[in-house]
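Novice: After the structure tokens below, expect a handful of questions from me.
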Number of protein chains: 2
Amino acid sequence: MIIYIDTPLKAREKERINKYFGDSYQVYFTDEFKNDADKVDAISKADVLFGNPKPALMAQAVSAKWIQLFTAGFEYYQDIKTEAIVTNMDDYYSQPCAETMVGGMMALYRKMDVFGLLKEKKEWIGAPIRLELKLLEHKKVIILGTGNIGRRVAKILKAFDMEILFFGRTAKDAAMRTSDELTQKIPWADFIIGCLPGTSETKGLFTKEMIEKMNETAVFCNVGRGNLVADEDALIRALMDRKIGGAVLDVTASEPIPADSKLWVCPNTILSQHSGGGQESEYTGLVELFLENFENFKEGLPLKNRISFQKGY
Amino acid sequence: MIIYIDTPLKAREKERINKYFGDSYQVYFTDEFKNDADKVDAISKADVLFGNPKPALMAQAVSAKWIQLFTAGFEYYQDIKTEAIVTNMDDYYSQPCAETMVGGMMALYRKMDVFGLLKEKKEWIGAPIRLELKLLEHKKVIILGTGNIGRRVAKILKAFDMEILFFGRTAKDAAMRTSDELTQKIPWADFIIGCLPGTSETKGLFTKEMIEKMNETAVFCNVGRGNLVADEDALIRALMDRKIGGAVLDVTASEPIPADSKLWVCPNTILSQHSGGGQESEYTGLVELFLENFENFKEGLPLKNRISFQKGY
């Protein structure tokens with residue numbers, strides 16, 4: 001059996017995989033190959049593919065019986081037709097994403113980024129900064145998305161006795177279901193938190209009109225996909241002109257954020273550089289999940305976290 | 001009736017106070033006086049004192065029937081003997097302090113201070129930083145103190161499903177009551193969070209031995225009083241030598257932190273500059289609490305938040 005692995009693993013995880021599979025399997029790591037032509041040759045013969053090769057390479061996985069993605073999102077594979085069972089990482093990144101979102105919100109409200117800069121300069125401000133701090137307690141929140149990340153963000157924010165409303169197309173407890181309902185509710189919110197996956201329905205869902213309807217102290221947060229924001233320039237202008245209170249952005253339209261992007265100089269803005277899903281045992285954990293699913297695959301048992309490229313979930 | 005006010009209020013709050021008292025009362029603000037001699041003259045005649053003059057001045061409040069402090073702590077008045085009713089701000093600063101503590105912990109774990117520095121430099125790191133992030137979820141915490149701040153910190157941390165143990169002399173649910181019990185439990189903890197007021201019993205309570213017993217990834221946090229730490233140099237060395245995982249310090253032995261203090265260059269350290277109790281409506285809120293208590297005082301009703309300088313609570 002041939003196994004092709006296209007994930008950014010460290011030596012320790014590669015060793016774990018090699019030890020697990022031993023000599024009974026042929027295991028290829030993508031960085032063994034010098035060019036795409038060599039990769040295509042191996043991918044096309046692989047029975048199992050672990051990872052996220054670029055779509056043109058993924059399309060060549062013609063022998064695959066099972067594809068295990070190392071991401072939760074997979075919208076860039078929507079045109080790939082495959083007979084293989086496809087599984088993703090489902091909830092694996094949800095808690096780290098939720099902690100980065102709430103961490104970013106708290107950093108903004110309690111000026112942790114500012115204290116980091118002051119420490120670098122060995123500069124004490126002390127008492128005068130106290131009146132610039134805000135409290136999460138009792139604030140009003142709209143969470144866009146009723147999936148794993150949104151639910152985990154809500155769980156944490158409830159500990160601050162915040163008022164939380166969900167926007168979602170289908171969830172029973174969503175307070176808003178349509179773009180119009182969301183737009184109407186925007187002025188109510190102190191925080192609007194994007195926790196949506198990348199699909200054709202979520203692209204551009206957060207419109208320029210919604211930004212304009214935010215109140216002047218409200219904060220926009222986004223941990224799903226950067227393209228949730230229909231017009232990032234409008235968001236940047238609102239931040240620069242202090243028409244809104246701030247932003248916590250784990251994801252943005254372009255990543256890396258270009259050096260000449262105005263995002264870098266927006267006030268009251270936390271840029272967490274798409275680190276949201278990260279944690280110290282990220283790679284170890286995803287290898288364990290792959291191997292756990294491989295045991296099921298080998299035994300002909302149902303695999304965890306099945307998805308469909310075409311359906312988008 | 002003479003009212004003497006020694007709190008750092010802004011024009012808006014002074015206006016509120018002047019409007020409230022009108023011409024029926026003589027209201028003095030401490031910044032009206034050029035020197036201590038003039039202050040003493042007014043303080044010694046005051047029936048009501050609102051604020052925290054330095055102890056030598058507080059000792060001159062010989063006519064006071066009621067003293068309303070604008071702080072929760074008051075250990076520096078322990079030698080003042082007064083016939084006046086004394087009240088403090090009790091729980092007023094607890095939620096801000098708890099939010100700064102948890103905000104600092106999240107900032108450290110999710111690198112919000114680092115992202116602030118990177119933003120300043122317009123520098124993208126992205127994916128490689130993910131493996132340096134940590135999760136609060138399921139971590140183990142010792143909270144020193146079972147008062148308002150400790151309880152509020154615990155309430156928030158429970159939303160991360162953290163294991164929480166309290167250290168406290170008398171609280172029924174405290175898992176540790178003595179210094180020995182605390183010392184023994186230290187290696188278990190991922191976080192040790194000081195939420196204790198300044199009293200003779202809490203001074204130096206967190207010993208050098210406890211720092212030495214912390215595990216190498218554990219984080220020390222402190223939002224009570226800087227003198228909780230018996231040997232700040234030992235804490236600094238542990239941080240510099242990476243014997244412990246980090247620190248979140250709202251309070252320190254010297255405030256402001258001197259420019260030549262090693263604290264400024266300790267790695268994995270958040271210094272929030274004694275801002276913990278702060279929030280945008282801090283001054284407004286404390287004036288409202290003073291006026292609410294004044295209504296009680298005027299009517300001869302019991303006052304909120306009575307304390308005793310000598311007893312320390």
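Letters A, B, ... mark the chains of the structure tokens in the order given; residue numbers begin at 1 per chain; ligand numbers begin at 1, in order shown.
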Determine, counting only C-alpha atoms, which protein, DNA and RNA residues have an atom within 7 Å of an atom of Arg225 (chain A); residues of the same chain fewer than 5 positions away are not included. Present the result as a PyMOL selection string.

Specialist: chain A and resi 196-198+251

Novice: Just the selected residues (N, CA and C atoms), exported as an mmCIF file, in the first residue's frame, please.

Specialist:
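Output below, filename out_18.cif:
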```
data_model
loop_
_atom_site.group_PDB
_atom_site.id
_atom_site.type_symbol
_atom_site.label_atom_id
_atom_site.label_comp_id
_atom_site.auth_asym_id
_atom_site.auth_seq_id
_atom_site.Cartn_x
_atom_site.Cartn_y
_atom_site.Cartn_z
ATOM 1 N N LEU A 196 -17.018 31.546 10.591
ATOM 2 C CA LEU A 196 -17.634 30.802 9.487
ATOM 3 C C LEU A 196 -16.577 30.165 8.606
ATOM 4 N N PRO A 197 -16.875 28.977 8.074
ATOM 5 C CA PRO A 197 -15.948 28.348 7.128
ATOM 6 C C PRO A 197 -16.032 29.072 5.774
ATOM 7 N N GLY A 198 -15.097 28.757 4.879
ATOM 8 C CA GLY A 198 -15.112 29.369 3.555
ATOM 9 C C GLY A 198 -16.009 28.577 2.609
ATOM 10 N N VAL A 251 -7.691 36.203 10.318
ATOM 11 C CA VAL A 251 -7.659 35.959 8.870
ATOM 12 C C VAL A 251 -7.952 37.250 8.123
#
```

Novice: Taking the chain letters and numbering used in this document, name the residues of region 97-305 of chain B that DSSP puts in strand (DSSP E), as a ChimeraX atom specification.

Specialist: /B:140-144,163-167,191-194,219-222,246-249,269-271

Novice: When you look at Ile142 (chain A) with a cut-off of 10 Å (counting only C-alpha atoms), what residues show up, excluding the ones that are within fewer than 2 positions of it in the same chain? I need them as a list of chain:residue names.

Specialist: A:Lys140, A:Leu144, A:Gly145, A:Gly150, A:Ala154, A:Glu163, A:Ile164, A:Leu165, A:Phe166, A:Phe167, A:Ala175, A:Met176, A:Leu182, A:Lys185, A:Ile186, A:Trp188, A:Ala189, A:Asp190, A:Phe191, A:Ile192, A:Ile193, A:Gly194, A:Phe220

Novice: Which residue, B:Pro8, B:Pro258, B:Gly116, B:Gly224, has the smallest gap to chain A when you use only C-alpha atoms?

Specialist: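 For chain A, the nearest of the candidates is B:Gly116.
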
Novice: Could you pull the residues within 9 Å of region 269-279 of chain B, counting only C-alpha atoms, minus those fewer than 6 positions along the same chain, as a PyMOL selection string?

Specialist: (chain A and resi 110-112+115-116+118-119+124-135) or (chain B and resi 92-101+104-105+107-108+113+223+239+245-252+255-257+263)

Novice: Can you list, as a VMD selection string, every protein, DNA or RNA residue that comes within 12 Å of Leu289 (chain B) when you count only C-alpha atoms, leaving out same-chain residues fewer than 5 positions away?

Specialist: chain B and resid 17 50 68 to 71 87 to 92 282 to 284 294 to 296 303 to 305

Novice: Hey, can you spit out that residue selection with C-alpha atoms as an mmCIF file, in the first residue's frame?

Specialist:
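File produced: out_4.cif:
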```
data_model
loop_
_atom_site.group_PDB
_atom_site.id
_atom_site.type_symbol
_atom_site.label_atom_id
_atom_site.label_comp_id
_atom_site.auth_asym_id
_atom_site.auth_seq_id
_atom_site.Cartn_x
_atom_site.Cartn_y
_atom_site.Cartn_z
ATOM 1 C CA ILE B 17 -20.011 66.269 42.696
ATOM 2 C CA PHE B 50 -13.652 60.841 50.191
ATOM 3 C CA GLN B 68 -14.943 56.699 52.037
ATOM 4 C CA LEU B 69 -11.789 55.245 50.459
ATOM 5 C CA PHE B 70 -11.567 54.996 46.688
ATOM 6 C CA THR B 71 -9.557 51.781 46.817
ATOM 7 C CA THR B 87 -15.806 52.322 53.998
ATOM 8 C CA ASN B 88 -13.870 51.039 50.988
ATOM 9 C CA MET B 89 -14.631 50.122 47.343
ATOM 10 C CA ASP B 90 -14.945 46.403 48.167
ATOM 11 C CA ASP B 91 -15.785 44.515 44.940
ATOM 12 C CA TYR B 92 -15.612 47.552 42.640
ATOM 13 C CA GLU B 282 -13.785 53.896 36.690
ATOM 14 C CA TYR B 283 -13.987 57.468 38.033
ATOM 15 C CA THR B 284 -17.664 57.950 37.195
ATOM 16 C CA PHE B 294 -23.528 59.676 51.140
ATOM 17 C CA GLU B 295 -27.305 59.364 50.860
ATOM 18 C CA ASN B 296 -27.141 56.610 53.487
ATOM 19 C CA LEU B 303 -23.132 52.452 55.032
ATOM 20 C CA LYS B 304 -21.996 50.011 52.353
ATOM 21 C CA ASN B 305 -18.596 48.302 52.539
#
```

Novice: For the atom pair CA of Ile156 (chain A) and CA of Gly147 (chain B), what is the interatomic distance in Å to one decimal place?

Specialist: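 If I compute the distance from CA of Ile156 (chain A) to CA of Gly147 (chain B), I get 21.9 Å.
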
Novice: Mind giving me the straight-line distance from CA of Val229 (chain B) to CA of Ala253 (chain B) in Å, one decimal?

Specialist: 7.8 Å

Novice: Which residues are near Tyr76 (chain A)? Cut-off 9 Å, only C-alpha atoms, ignore same chain within fewer than 4 positions. Put them as a ChimeraX atom specification.

Specialist: /A:54-55,80,198,309

Novice: For the structure I just gave you, how does DSSP split region 87-138 of chain B - specifically, which residues are helix (DSSP H, G or I)? Reply as an MDAnalysis selection string.

Specialist: chainID B and resid 90:110 112:121 127:132

Novice: Expressed in Å to a single decimal, how great is the separation between CA of Ser261 (chain B) and CA of Gly103 (chain A)?

Specialist: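 Distance between the two atoms: 27.7 Å.
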